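Visitor: Pasting in a structure now, in C-alpha cells, and then I'll have a few things to ask.
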Amino acid sequence: VVQEANAEAQAKGVLVVAAAGNDGPDNDEYPTYPANLSLAFDNVLAVHATDREDDRTSFSNFGKMSVHLGAPGVDIMTTARYREDVNFAYQPVRGTSASAAFVSLAAALVIAVGKQRNPGRDLTPAQVIAHLTDTADKFPQLTICSISGGRLNLEKAVTEPVP
C-alpha cells in the first residue's frame, strides 16, 4: 500500500521526505519503510538524525545507499506541549521525524526560491534531492551514514541556485 501511494505521488511530481527510523541499524541491511523506498523511487528523500557535534545519533538509522543526508535530531524544541503537573511547558524532542521536518522545510524553501528565480521552471523531486545533498555540509564521520555524507545546510540550500 505504501509503495502504491508513493508511486502515485511520484507520478504527480510530489517529493516525499521520510525519516530513516529510530532503531539504530543500517537501512541498507535492514530496510525501514517508507525511507527505503528511496532505493526504488527518485521522489523519496530519506533523512537520519545528527547531534550537536554533527555525528549520527546512536538511535538513528542510517544507510550509505538508502539515506540521503542527516539533519538535527536531538534537543529540538517543539510547539507540542506536555503537561507538567498543573502548568504546561514546551519540551525538547529527539528523533529522525524531527530531522525530517527540518529537511521538509528546506525542500519547500528550495522549491519556493527556485520558483521565484525561474518562474517558468518547476523543480522535480529528484532535482530538489540532488540539490539538498549537494549543498549539505560534508563530515568524515557521516560518510558511512548517507549518500551525501553530510548534514543539511539550509543557508547553502536556499542561496545556491539549483543547476
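The chains in the C-alpha cells are called A, B, ... from first to last as shown; in each chain the residues are counted from 1, and the ligands are counted from 1 in the order shown.
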With only C-alpha atoms counted and 12 Å as the cut-off, give the residues of stretch 41-72 of chain A in contact with stretch 129-139 of chain A, each with its shortest interatomic distance in Å and the pair that gives it, as a tab-separated table.

Guide:
residue	atom	partner	partner_atom	distance
A:Phe41	CA	A:Ile129	CA	11.7
A:Asp42	CA	A:Ile129	CA	8.4
A:Asn43	CA	A:Ile129	CA	7.8
A:Val44	CA	A:Ile129	CA	8.2
A:Leu45	CA	A:Ile129	CA	6.3
A:Ala46	CA	A:Ile129	CA	9.5
A:Val47	CA	A:Thr133	CA	10.5
A:Thr50	CA	A:Phe139	CA	11.1
A:Glu53	CA	A:Phe139	CA	10.2
A:Asp54	CA	A:Phe139	CA	7.5
A:Asp55	CA	A:Phe139	CA	8.4
A:Arg56	CA	A:Phe139	CA	10.4
A:Val67	CA	A:Thr133	CA	10.3
A:His68	CA	A:Thr133	CA	6.6
A:Leu69	CA	A:Thr133	CA	6.4
A:Gly70	CA	A:Ala136	CA	8.5
A:Ala71	CA	A:Ala136	CA	9.3

Visitor: Okay, now the selection with N, CA and C atoms, as a compact mmCIF listing (two decimals), in the first residue's frame?

Guide:
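After the write, again.txt holds the following:
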# COMPACT_ATOMS: atom_id res chain seq x y z
N PHE A 41 12.43 4.65 -5.85
CA PHE A 41 11.74 5.85 -6.34
C PHE A 41 12.66 7.06 -6.21
N ASP A 42 12.65 7.93 -7.21
CA ASP A 42 13.51 9.12 -7.15
C ASP A 42 12.83 10.32 -6.51
N ASN A 43 11.67 10.12 -5.91
CA ASN A 43 10.99 11.22 -5.21
C ASN A 43 11.04 11.07 -3.69
N VAL A 44 11.72 10.06 -3.18
CA VAL A 44 11.80 9.83 -1.73
C VAL A 44 13.16 10.26 -1.21
N LEU A 45 13.15 11.17 -0.26
CA LEU A 45 14.36 11.69 0.37
C LEU A 45 14.39 11.17 1.81
N ALA A 46 15.34 10.30 2.13
CA ALA A 46 15.43 9.69 3.46
C ALA A 46 16.44 10.46 4.31
N VAL A 47 16.10 10.65 5.59
CA VAL A 47 16.87 11.52 6.48
C VAL A 47 17.21 10.81 7.79
N THR A 50 21.20 13.85 13.32
CA THR A 50 22.54 14.20 13.79
C THR A 50 22.42 14.93 15.14
N GLU A 53 27.29 17.77 17.58
CA GLU A 53 28.66 17.64 17.07
C GLU A 53 28.68 17.14 15.62
N ASP A 54 27.53 17.12 14.99
CA ASP A 54 27.39 16.64 13.61
C ASP A 54 27.78 15.17 13.47
N ASP A 55 27.51 14.40 14.50
CA ASP A 55 27.64 12.94 14.45
C ASP A 55 26.24 12.36 14.28
N ARG A 56 26.17 11.16 13.72
CA ARG A 56 24.89 10.45 13.70
C ARG A 56 24.56 10.09 15.13
N VAL A 67 19.90 6.28 2.50
CA VAL A 67 19.58 7.51 3.24
C VAL A 67 20.36 8.66 2.60
N HIS A 68 19.71 9.78 2.38
CA HIS A 68 20.34 10.87 1.64
C HIS A 68 21.24 11.79 2.46
N LEU A 69 20.76 12.22 3.62
CA LEU A 69 21.54 13.15 4.43
C LEU A 69 21.03 13.16 5.86
N GLY A 70 21.78 13.84 6.72
CA GLY A 70 21.38 14.00 8.11
C GLY A 70 20.87 15.40 8.35
N ALA A 71 20.19 15.57 9.48
CA ALA A 71 19.70 16.87 9.93
C ALA A 71 19.57 16.80 11.45

Visitor: Can you list, as number ranges by chain, all residues belonging to chain A that DSSP tags as strand (DSSP E)?

Guide: A: 16-19, 44-50, 69-72, 76-84, 87-93, 137-138, 150-151

Visitor: If you run DSSP on this backbone, which residues of stretch 39-140 of chain A come out as alpha helix (DSSP H), and could you give them as a PyMOL selection string?

Guide: chain A and resi 96-117+125-135

Visitor: Just N, CA and C atoms for this one: save the residues we selected as a compact mmCIF listing (two decimals), in the first residue's frame.

Guide:
# COMPACT_ATOMS: atom_id res chain seq x y z
N THR A 96 14.38 10.96 14.21
CA THR A 96 14.52 11.24 12.78
C THR A 96 13.28 11.94 12.23
N SER A 97 12.17 11.88 12.93
CA SER A 97 11.00 12.65 12.50
C SER A 97 11.27 14.14 12.62
N ALA A 98 11.94 14.54 13.69
CA ALA A 98 12.32 15.95 13.83
C ALA A 98 13.31 16.34 12.73
N SER A 99 14.25 15.45 12.42
CA SER A 99 15.21 15.70 11.35
C SER A 99 14.50 15.85 10.02
N ALA A 100 13.54 14.99 9.76
CA ALA A 100 12.79 15.04 8.50
C ALA A 100 11.99 16.33 8.39
N ALA A 101 11.53 16.86 9.52
CA ALA A 101 10.80 18.13 9.49
C ALA A 101 11.71 19.26 9.02
N PHE A 102 12.96 19.29 9.49
CA PHE A 102 13.90 20.31 9.03
C PHE A 102 14.13 20.19 7.52
N VAL A 103 14.28 18.97 7.04
CA VAL A 103 14.54 18.75 5.62
C VAL A 103 13.30 19.07 4.79
N SER A 104 12.12 18.81 5.31
CA SER A 104 10.88 19.18 4.61
C SER A 104 10.81 20.68 4.42
N LEU A 105 11.13 21.42 5.47
CA LEU A 105 11.15 22.88 5.37
C LEU A 105 12.18 23.33 4.34
N ALA A 106 13.37 22.76 4.39
CA ALA A 106 14.42 23.13 3.44
C ALA A 106 13.96 22.85 2.01
N ALA A 107 13.35 21.71 1.78
CA ALA A 107 12.87 21.37 0.44
C ALA A 107 11.82 22.37 -0.03
N ALA A 108 10.89 22.72 0.85
CA ALA A 108 9.86 23.69 0.48
C ALA A 108 10.47 25.05 0.13
N LEU A 109 11.48 25.46 0.89
CA LEU A 109 12.14 26.73 0.60
C LEU A 109 12.92 26.68 -0.71
N VAL A 110 13.60 25.57 -0.98
CA VAL A 110 14.32 25.41 -2.24
C VAL A 110 13.35 25.51 -3.41
N ILE A 111 12.21 24.88 -3.29
CA ILE A 111 11.19 24.94 -4.35
C ILE A 111 10.68 26.36 -4.51
N ALA A 112 10.38 27.04 -3.41
CA ALA A 112 9.86 28.41 -3.47
C ALA A 112 10.87 29.39 -4.04
N VAL A 113 12.11 29.29 -3.59
CA VAL A 113 13.16 30.18 -4.09
C VAL A 113 13.43 29.89 -5.56
N GLY A 114 13.43 28.61 -5.91
CA GLY A 114 13.62 28.24 -7.31
C GLY A 114 12.53 28.82 -8.19
N LYS A 115 11.29 28.79 -7.71
CA LYS A 115 10.15 29.35 -8.46
C LYS A 115 10.30 30.86 -8.61
N GLN A 116 10.80 31.51 -7.56
CA GLN A 116 10.99 32.96 -7.60
C GLN A 116 12.09 33.33 -8.60
N ARG A 117 13.18 32.55 -8.62
CA ARG A 117 14.29 32.83 -9.53
C ARG A 117 13.93 32.53 -10.98
N PRO A 125 11.23 16.43 -7.92
CA PRO A 125 11.72 15.91 -6.65
C PRO A 125 13.19 15.49 -6.72
N ALA A 126 13.59 14.86 -7.82
CA ALA A 126 14.98 14.42 -7.96
C ALA A 126 15.95 15.61 -7.96
N GLN A 127 15.55 16.72 -8.57
CA GLN A 127 16.40 17.92 -8.56
C GLN A 127 16.53 18.49 -7.15
N VAL A 128 15.43 18.50 -6.40
CA VAL A 128 15.46 19.02 -5.03
C VAL A 128 16.34 18.13 -4.15
N ILE A 129 16.19 16.81 -4.30
CA ILE A 129 17.01 15.88 -3.52
C ILE A 129 18.48 16.07 -3.85
N ALA A 130 18.81 16.15 -5.12
CA ALA A 130 20.20 16.33 -5.53
C ALA A 130 20.76 17.64 -4.98
N HIS A 131 19.96 18.69 -5.01
CA HIS A 131 20.43 19.99 -4.52
C HIS A 131 20.67 19.95 -3.01
N LEU A 132 19.76 19.35 -2.27
CA LEU A 132 19.94 19.28 -0.81
C LEU A 132 21.15 18.43 -0.44
N THR A 133 21.38 17.35 -1.16
CA THR A 133 22.55 16.52 -0.86
C THR A 133 23.84 17.21 -1.29
N ASP A 134 23.79 17.93 -2.41
CA ASP A 134 24.98 18.64 -2.89
C ASP A 134 25.38 19.80 -1.98
N THR A 135 24.39 20.47 -1.39
CA THR A 135 24.68 21.63 -0.55
C THR A 135 24.86 21.28 0.93

Visitor: Need the shell around A:Leu37: protein/DNA/RNA residues with any atom at most 12 Å away, counting only C-alpha atoms. Skip same-chain ones fewer than 2 positions apart. Format as a PDB file with N, CA, C and O atoms, in the first residue's frame?

Guide:
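Final output, out-v7.pdb:
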ATOM      1  N   VAL A   2       1.916   1.265   0.826  1.00  0.00           N
ATOM      2  CA  VAL A   2       2.810   2.424   0.886  1.00  0.00           C
ATOM      3  C   VAL A   2       3.522   2.608  -0.454  1.00  0.00           C
ATOM      4  O   VAL A   2       3.657   3.737  -0.943  1.00  0.00           O
ATOM      5  N   GLN A   3       3.942   1.523  -1.043  1.00  0.00           N
ATOM      6  CA  GLN A   3       4.619   1.594  -2.341  1.00  0.00           C
ATOM      7  C   GLN A   3       3.674   2.138  -3.414  1.00  0.00           C
ATOM      8  O   GLN A   3       4.071   2.965  -4.233  1.00  0.00           O
ATOM      9  N   GLU A   4       2.441   1.690  -3.416  1.00  0.00           N
ATOM     10  CA  GLU A   4       1.453   2.184  -4.384  1.00  0.00           C
ATOM     11  C   GLU A   4       1.177   3.665  -4.184  1.00  0.00           C
ATOM     12  O   GLU A   4       1.085   4.426  -5.153  1.00  0.00           O
ATOM     13  N   ALA A   5       1.049   4.085  -2.934  1.00  0.00           N
ATOM     14  CA  ALA A   5       0.813   5.503  -2.647  1.00  0.00           C
ATOM     15  C   ALA A   5       1.990   6.349  -3.102  1.00  0.00           C
ATOM     16  O   ALA A   5       1.813   7.435  -3.672  1.00  0.00           O
ATOM     17  N   ASN A   6       3.193   5.843  -2.885  1.00  0.00           N
ATOM     18  CA  ASN A   6       4.358   6.609  -3.318  1.00  0.00           C
ATOM     19  C   ASN A   6       4.468   6.652  -4.837  1.00  0.00           C
ATOM     20  O   ASN A   6       4.871   7.661  -5.400  1.00  0.00           O
ATOM     21  N   ALA A   7       4.108   5.575  -5.505  1.00  0.00           N
ATOM     22  CA  ALA A   7       4.124   5.573  -6.972  1.00  0.00           C
ATOM     23  C   ALA A   7       3.183   6.643  -7.516  1.00  0.00           C
ATOM     24  O   ALA A   7       3.522   7.354  -8.472  1.00  0.00           O
ATOM     25  N   GLN A  10       4.842   9.999  -6.871  1.00  0.00           N
ATOM     26  CA  GLN A  10       5.912  10.233  -7.849  1.00  0.00           C
ATOM     27  C   GLN A  10       5.334  10.641  -9.201  1.00  0.00           C
ATOM     28  O   GLN A  10       5.835  11.561  -9.845  1.00  0.00           O
ATOM     29  N   VAL A  16       8.615  13.254  -1.320  1.00  0.00           N
ATOM     30  CA  VAL A  16       8.294  12.623  -0.039  1.00  0.00           C
ATOM     31  C   VAL A  16       9.562  12.631   0.810  1.00  0.00           C
ATOM     32  O   VAL A  16      10.580  12.083   0.396  1.00  0.00           O
ATOM     33  N   VAL A  17       9.489  13.251   1.977  1.00  0.00           N
ATOM     34  CA  VAL A  17      10.618  13.251   2.915  1.00  0.00           C
ATOM     35  C   VAL A  17      10.299  12.223   3.987  1.00  0.00           C
ATOM     36  O   VAL A  17       9.261  12.306   4.639  1.00  0.00           O
ATOM     37  N   ALA A  18      11.205  11.254   4.162  1.00  0.00           N
ATOM     38  CA  ALA A  18      10.957  10.141   5.072  1.00  0.00           C
ATOM     39  C   ALA A  18      12.029  10.057   6.147  1.00  0.00           C
ATOM     40  O   ALA A  18      13.225  10.148   5.856  1.00  0.00           O
ATOM     41  N   ALA A  19      11.605   9.876   7.379  1.00  0.00           N
ATOM     42  CA  ALA A  19      12.522   9.653   8.493  1.00  0.00           C
ATOM     43  C   ALA A  19      13.147   8.272   8.345  1.00  0.00           C
ATOM     44  O   ALA A  19      12.461   7.297   8.020  1.00  0.00           O
ATOM     45  N   ALA A  20      14.451   8.177   8.571  1.00  0.00           N
ATOM     46  CA  ALA A  20      15.171   6.907   8.407  1.00  0.00           C
ATOM     47  C   ALA A  20      14.783   5.871   9.459  1.00  0.00           C
ATOM     48  O   ALA A  20      14.901   4.671   9.226  1.00  0.00           O
ATOM     49  N   ASN A  27      19.928   0.817   7.347  1.00  0.00           N
ATOM     50  CA  ASN A  27      18.765   0.545   6.492  1.00  0.00           C
ATOM     51  C   ASN A  27      19.141  -0.207   5.220  1.00  0.00           C
ATOM     52  O   ASN A  27      18.282  -0.816   4.593  1.00  0.00           O
ATOM     53  N   ASP A  28      20.419  -0.156   4.837  1.00  0.00           N
ATOM     54  CA  ASP A  28      20.848  -0.920   3.664  1.00  0.00           C
ATOM     55  C   ASP A  28      20.743  -2.421   3.931  1.00  0.00           C
ATOM     56  O   ASP A  28      20.493  -3.203   3.014  1.00  0.00           O
ATOM     57  N   PRO A  31      15.948  -2.971   5.931  1.00  0.00           N
ATOM     58  CA  PRO A  31      15.122  -1.901   5.388  1.00  0.00           C
ATOM     59  C   PRO A  31      14.054  -1.404   6.352  1.00  0.00           C
ATOM     60  O   PRO A  31      13.450  -2.180   7.093  1.00  0.00           O
ATOM     61  N   THR A  32      13.863  -0.094   6.319  1.00  0.00           N
ATOM     62  CA  THR A  32      12.822   0.571   7.091  1.00  0.00           C
ATOM     63  C   THR A  32      11.990   1.398   6.106  1.00  0.00           C
ATOM     64  O   THR A  32      12.541   2.160   5.322  1.00  0.00           O
ATOM     65  N   TYR A  33      10.681   1.223   6.182  1.00  0.00           N
ATOM     66  CA  TYR A  33       9.814   1.916   5.229  1.00  0.00           C
ATOM     67  C   TYR A  33       8.987   2.973   5.928  1.00  0.00           C
ATOM     68  O   TYR A  33       8.654   2.815   7.094  1.00  0.00           O
ATOM     69  N   PRO A  34       8.756   4.093   5.248  1.00  0.00           N
ATOM     70  CA  PRO A  34       8.915   4.343   3.823  1.00  0.00           C
ATOM     71  C   PRO A  34      10.307   4.827   3.390  1.00  0.00           C
ATOM     72  O   PRO A  34      10.555   5.001   2.197  1.00  0.00           O
ATOM     73  N   ALA A  35      11.230   5.014   4.312  1.00  0.00           N
ATOM     74  CA  ALA A  35      12.548   5.555   3.954  1.00  0.00           C
ATOM     75  C   ALA A  35      13.229   4.743   2.855  1.00  0.00           C
ATOM     76  O   ALA A  35      13.823   5.321   1.935  1.00  0.00           O
ATOM     77  N   LEU A  39      15.286   3.694  -2.587  1.00  0.00           N
ATOM     78  CA  LEU A  39      16.040   2.820  -3.490  1.00  0.00           C
ATOM     79  C   LEU A  39      15.288   2.544  -4.793  1.00  0.00           C
ATOM     80  O   LEU A  39      15.899   2.245  -5.815  1.00  0.00           O
ATOM     81  N   ALA A  40      13.971   2.646  -4.762  1.00  0.00           N
ATOM     82  CA  ALA A  40      13.154   2.328  -5.935  1.00  0.00           C
ATOM     83  C   ALA A  40      12.509   3.558  -6.580  1.00  0.00           C
ATOM     84  O   ALA A  40      12.095   3.491  -7.732  1.00  0.00           O
ATOM     85  N   PHE A  41      12.426   4.655  -5.846  1.00  0.00           N
ATOM     86  CA  PHE A  41      11.744   5.852  -6.336  1.00  0.00           C
ATOM     87  C   PHE A  41      12.662   7.060  -6.208  1.00  0.00           C
ATOM     88  O   PHE A  41      13.323   7.230  -5.181  1.00  0.00           O
ATOM     89  N   ASP A  42      12.646   7.932  -7.210  1.00  0.00           N
ATOM     90  CA  ASP A  42      13.511   9.117  -7.149  1.00  0.00           C
ATOM     91  C   ASP A  42      12.833  10.323  -6.515  1.00  0.00           C
ATOM     92  O   ASP A  42      13.369  11.426  -6.548  1.00  0.00           O
ATOM     93  N   ASN A  43      11.670  10.119  -5.907  1.00  0.00           N
ATOM     94  CA  ASN A  43      10.990  11.220  -5.211  1.00  0.00           C
ATOM     95  C   ASN A  43      11.035  11.073  -3.688  1.00  0.00           C
ATOM     96  O   ASN A  43      10.453  11.884  -2.976  1.00  0.00           O
ATOM     97  N   VAL A  44      11.723  10.057  -3.175  1.00  0.00           N
ATOM     98  CA  VAL A  44      11.797   9.826  -1.729  1.00  0.00           C
ATOM     99  C   VAL A  44      13.162  10.257  -1.214  1.00  0.00           C
ATOM    100  O   VAL A  44      14.191   9.777  -1.679  1.00  0.00           O
ATOM    101  N   LEU A  45      13.150  11.172  -0.259  1.00  0.00           N
ATOM    102  CA  LEU A  45      14.364  11.690   0.373  1.00  0.00           C
ATOM    103  C   LEU A  45      14.389  11.167   1.806  1.00  0.00           C
ATOM    104  O   LEU A  45      13.542  11.541   2.618  1.00  0.00           O
ATOM    105  N   ALA A  46      15.338  10.296   2.129  1.00  0.00           N
ATOM    106  CA  ALA A  46      15.432   9.691   3.461  1.00  0.00           C
ATOM    107  C   ALA A  46      16.438  10.460   4.312  1.00  0.00           C
ATOM    108  O   ALA A  46      17.508  10.843   3.831  1.00  0.00           O
ATOM    109  N   MET A  65      23.588   3.734   1.073  1.00  0.00           N
ATOM    110  CA  MET A  65      22.907   3.623  -0.224  1.00  0.00           C
ATOM    111  C   MET A  65      21.442   4.070  -0.177  1.00  0.00           C
ATOM    112  O   MET A  65      20.864   4.364  -1.206  1.00  0.00           O
ATOM    113  N   SER A  66      20.841   4.127   1.006  1.00  0.00           N
ATOM    114  CA  SER A  66      19.401   4.348   1.094  1.00  0.00           C
ATOM    115  C   SER A  66      18.976   5.621   1.818  1.00  0.00           C
ATOM    116  O   SER A  66      17.813   5.999   1.759  1.00  0.00           O
ATOM    117  N   VAL A  67      19.901   6.285   2.498  1.00  0.00           N
ATOM    118  CA  VAL A  67      19.583   7.508   3.241  1.00  0.00           C
ATOM    119  C   VAL A  67      20.363   8.655   2.599  1.00  0.00           C
ATOM    120  O   VAL A  67      21.544   8.506   2.300  1.00  0.00           O
ATOM    121  N   HIS A  68      19.713   9.781   2.384  1.00  0.00           N
ATOM    122  CA  HIS A  68      20.343  10.872   1.638  1.00  0.00           C
ATOM    123  C   HIS A  68      21.240  11.788   2.462  1.00  0.00           C
ATOM    124  O   HIS A  68      22.331  12.142   2.024  1.00  0.00           O
TER     125      HIS A  68
END

Visitor: Which of these, A:Gly63, A:Val14, A:Asp51, A:Asn36, has the shortest distance to A:Ile144 once you count only C-alpha atoms?

Guide: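 Looking only at the distances to A:Ile144, the closest residue turns out to be A:Gly63.
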
Visitor: For atom CA of A:Phe62 and atom CA of A:Lys156, quote the distance in Å rounded to one decimal.

Guide: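 Straight-line distance from atom CA of A:Phe62 to atom CA of A:Lys156 works out to 23.0 Å.
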
Visitor: Calculated over only C-alpha atoms, which of the candidates A:Tyr90, A:Pro140, A:Glu8, A:Arg151 has the smallest distance to A:Arg52?

Guide: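 That would be A:Arg151, the residue with the smallest distance to A:Arg52.
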